[in-house]
Amino acid sequence: MRHKIAGRKLDRPTAHRMAMLRGMVCDLIEHESISTTHAKAQEVRRLAEKVITTCKTPNLSNRRKAISILRNKNIVTKLFDEIAPRFQDRNGGYTRIYKMGQRSGDAANLSRIELVS
């Protein structure tokens, strides 16, 4: 089964882009906050919101779906046990993006994405 991770191409081949976004969502769930470029933060937000919404209903099917997207059982366990119950009464809007200015090397717009507490 292929998951639709579309949107911005971020100047990367599809496989690289999907692997990067999956890794960034895992880091976001593990650390609850990451810094990246603004375009990447917006794409990470799209995928993270979908995964968290899926994990709000704890059943085997949703657990397998989350594992197939994130590919890390420890992160999925944290997502089901700690993160999703926090957002049980919330209908979306699980993440927040702060703009942090520009990177000195290439003037890329930097942002911080974090889980809402």
# chains A, B, ... in the order shown; residues from 1 in each chain; ligands from 1
$ select_by_dssp --residues "chain A" --states "helix (DSSP H, G or I)" --output "number ranges by chain"
A: 14-31, 38-55, 60-70, 73-86
$ write_last_selection --atoms "C-alpha atoms" --output "PDB file, in the first residue's frame"
ATOM      1  CA  THR A  14      10.122  11.191  -4.417  1.00  0.00           C
ATOM      2  CA  ALA A  15      11.776   8.412  -2.405  1.00  0.00           C
ATOM      3  CA  HIS A  16      14.231  10.828  -0.763  1.00  0.00           C
ATOM      4  CA  ARG A  17      11.471  13.312   0.034  1.00  0.00           C
ATOM      5  CA  MET A  18       9.212  10.647   1.573  1.00  0.00           C
ATOM      6  CA  ALA A  19      12.050   9.221   3.676  1.00  0.00           C
ATOM      7  CA  MET A  20      13.027  12.708   4.851  1.00  0.00           C
ATOM      8  CA  LEU A  21       9.458  13.618   5.850  1.00  0.00           C
ATOM      9  CA  ARG A  22       8.970  10.324   7.672  1.00  0.00           C
ATOM     10  CA  GLY A  23      12.188  10.878   9.582  1.00  0.00           C
ATOM     11  CA  MET A  24      11.242  14.444  10.465  1.00  0.00           C
ATOM     12  CA  VAL A  25       7.814  13.352  11.743  1.00  0.00           C
ATOM     13  CA  CYS A  26       9.530  10.692  13.891  1.00  0.00           C
ATOM     14  CA  ASP A  27      11.872  13.366  15.283  1.00  0.00           C
ATOM     15  CA  LEU A  28       8.913  15.677  15.933  1.00  0.00           C
ATOM     16  CA  ILE A  29       7.101  12.962  17.871  1.00  0.00           C
ATOM     17  CA  GLU A  30      10.227  11.938  19.781  1.00  0.00           C
ATOM     18  CA  HIS A  31      11.427  15.446  20.738  1.00  0.00           C
ATOM     19  CA  HIS A  38       9.542  26.793   6.623  1.00  0.00           C
ATOM     20  CA  ALA A  39       8.579  24.754   3.538  1.00  0.00           C
ATOM     21  CA  LYS A  40       9.676  21.512   5.195  1.00  0.00           C
ATOM     22  CA  ALA A  41       7.862  22.438   8.405  1.00  0.00           C
ATOM     23  CA  GLN A  42       4.614  22.887   6.493  1.00  0.00           C
ATOM     24  CA  GLU A  43       4.974  19.475   4.848  1.00  0.00           C
ATOM     25  CA  VAL A  44       5.885  17.826   8.168  1.00  0.00           C
ATOM     26  CA  ARG A  45       2.772  19.394   9.675  1.00  0.00           C
ATOM     27  CA  ARG A  46       0.556  17.806   6.999  1.00  0.00           C
ATOM     28  CA  LEU A  47       1.899  14.312   7.627  1.00  0.00           C
ATOM     29  CA  ALA A  48       2.082  14.635  11.418  1.00  0.00           C
ATOM     30  CA  GLU A  49      -1.531  15.790  11.694  1.00  0.00           C
ATOM     31  CA  LYS A  50      -2.707  12.819   9.631  1.00  0.00           C
ATOM     32  CA  VAL A  51      -0.713  10.317  11.684  1.00  0.00           C
ATOM     33  CA  ILE A  52      -1.870  11.747  15.032  1.00  0.00           C
ATOM     34  CA  THR A  53      -5.501  11.714  13.884  1.00  0.00           C
ATOM     35  CA  THR A  54      -5.114   8.062  12.878  1.00  0.00           C
ATOM     36  CA  CYS A  55      -3.601   7.177  16.260  1.00  0.00           C
ATOM     37  CA  LEU A  60      -4.599  -2.859  15.445  1.00  0.00           C
ATOM     38  CA  SER A  61      -5.421  -1.530  11.987  1.00  0.00           C
ATOM     39  CA  ASN A  62      -4.442   2.034  12.904  1.00  0.00           C
ATOM     40  CA  ARG A  63      -1.283   0.823  14.661  1.00  0.00           C
ATOM     41  CA  ARG A  64      -0.229  -1.043  11.515  1.00  0.00           C
ATOM     42  CA  LYS A  65      -1.027   1.988   9.377  1.00  0.00           C
ATOM     43  CA  ALA A  66       1.137   4.203  11.614  1.00  0.00           C
ATOM     44  CA  ILE A  67       4.000   1.674  11.541  1.00  0.00           C
ATOM     45  CA  SER A  68       3.815   1.526   7.740  1.00  0.00           C
ATOM     46  CA  ILE A  69       4.090   5.314   7.537  1.00  0.00           C
ATOM     47  CA  LEU A  70       6.676   5.980  10.268  1.00  0.00           C
ATOM     48  CA  LYS A  73       7.767   0.837  16.424  1.00  0.00           C
ATOM     49  CA  ASN A  74       9.126   2.779  19.410  1.00  0.00           C
ATOM     50  CA  ILE A  75       7.860   6.073  17.994  1.00  0.00           C
ATOM     51  CA  VAL A  76       4.476   4.523  17.180  1.00  0.00           C
ATOM     52  CA  THR A  77       4.231   3.194  20.739  1.00  0.00           C
ATOM     53  CA  LYS A  78       4.944   6.669  22.135  1.00  0.00           C
ATOM     54  CA  LEU A  79       2.410   8.114  19.718  1.00  0.00           C
ATOM     55  CA  PHE A  80      -0.361   5.750  20.843  1.00  0.00           C
ATOM     56  CA  ASP A  81       0.487   5.799  24.571  1.00  0.00           C
ATOM     57  CA  GLU A  82       1.441   9.440  25.205  1.00  0.00           C
ATOM     58  CA  ILE A  83       0.767  11.797  22.300  1.00  0.00           C
ATOM     59  CA  ALA A  84      -2.639  10.731  20.908  1.00  0.00           C
ATOM     60  CA  PRO A  85      -4.418  10.634  24.317  1.00  0.00           C
ATOM     61  CA  ARG A  86      -3.374  14.273  24.869  1.00  0.00           C
TER      62      ARG A  86
END
$ select_by_dssp --residues "segment 7-100 of chain A" --states "strand (DSSP E or B)" --output "VMD selection string"
chain A and resid 33 to 37 95 to 100
$ write_last_selection --atoms "N, CA, C and O atoms" --output "JSON list (two decimals), in the first residue's frame"
[["chain", "number", "residue", "atom", "x", "y", "z"],
["A", 33, "SER", "N", 9.48, 18.88, 19.27],
["A", 33, "SER", "CA", 9.81, 20.16, 18.68],
["A", 33, "SER", "C", 11.05, 19.99, 17.81],
["A", 33, "SER", "O", 12.02, 19.37, 18.24],
["A", 34, "ILE", "N", 11.02, 20.52, 16.57],
["A", 34, "ILE", "CA", 12.20, 20.48, 15.70],
["A", 34, "ILE", "C", 12.30, 21.82, 14.96],
["A", 34, "ILE", "O", 11.31, 22.52, 14.78],
["A", 35, "SER", "N", 13.50, 22.14, 14.51],
["A", 35, "SER", "CA", 13.74, 23.33, 13.70],
["A", 35, "SER", "C", 14.11, 22.90, 12.30],
["A", 35, "SER", "O", 14.91, 21.98, 12.12],
["A", 36, "THR", "N", 13.55, 23.58, 11.30],
["A", 36, "THR", "CA", 13.81, 23.25, 9.91],
["A", 36, "THR", "C", 13.41, 24.45, 9.06],
["A", 36, "THR", "O", 13.05, 25.50, 9.59],
["A", 37, "THR", "N", 13.48, 24.31, 7.74],
["A", 37, "THR", "CA", 13.03, 25.40, 6.88],
["A", 37, "THR", "C", 11.51, 25.46, 6.91],
["A", 37, "THR", "O", 10.83, 24.50, 7.26],
["A", 95, "THR", "N", -0.20, 20.76, 15.85],
["A", 95, "THR", "CA", 1.14, 21.33, 15.75],
["A", 95, "THR", "C", 1.06, 22.84, 15.60],
["A", 95, "THR", "O", 0.03, 23.40, 15.20],
["A", 96, "ARG", "N", 2.18, 23.49, 15.90],
["A", 96, "ARG", "CA", 2.29, 24.94, 15.80],
["A", 96, "ARG", "C", 3.62, 25.23, 15.11],
["A", 96, "ARG", "O", 4.62, 24.61, 15.42],
["A", 97, "ILE", "N", 3.61, 26.21, 14.21],
["A", 97, "ILE", "CA", 4.83, 26.60, 13.50],
["A", 97, "ILE", "C", 5.17, 28.05, 13.85],
["A", 97, "ILE", "O", 4.32, 28.93, 13.71],
["A", 98, "TYR", "N", 6.39, 28.26, 14.33],
["A", 98, "TYR", "CA", 6.91, 29.60, 14.60],
["A", 98, "TYR", "C", 7.96, 29.94, 13.57],
["A", 98, "TYR", "O", 8.87, 29.15, 13.33],
["A", 99, "LYS", "N", 7.89, 31.12, 12.99],
["A", 99, "LYS", "CA", 8.94, 31.57, 12.09],
["A", 99, "LYS", "C", 10.09, 32.11, 12.92],
["A", 99, "LYS", "O", 9.89, 32.83, 13.88],
["A", 100, "MET", "N", 11.34, 31.73, 12.53],
["A", 100, "MET", "CA", 12.51, 32.09, 13.33],
["A", 100, "MET", "C", 13.49, 33.00, 12.60],
["A", 100, "MET", "O", 14.58, 33.24, 13.08]]
$ atom_distance --atom1 "atom CA of Val116 of chain A" --atom2 "atom CA of Gly92 of chain A"
10.5 Å
$ atom_distance --atom1 "atom CA of Lys56 of chain A" --atom2 "atom CA of Tyr94 of chain A"
11.7 Å
$ atom_distance --atom1 "atom CA of Gly7 of chain A" --atom2 "atom CA of Arg71 of chain A"
20.8 Å
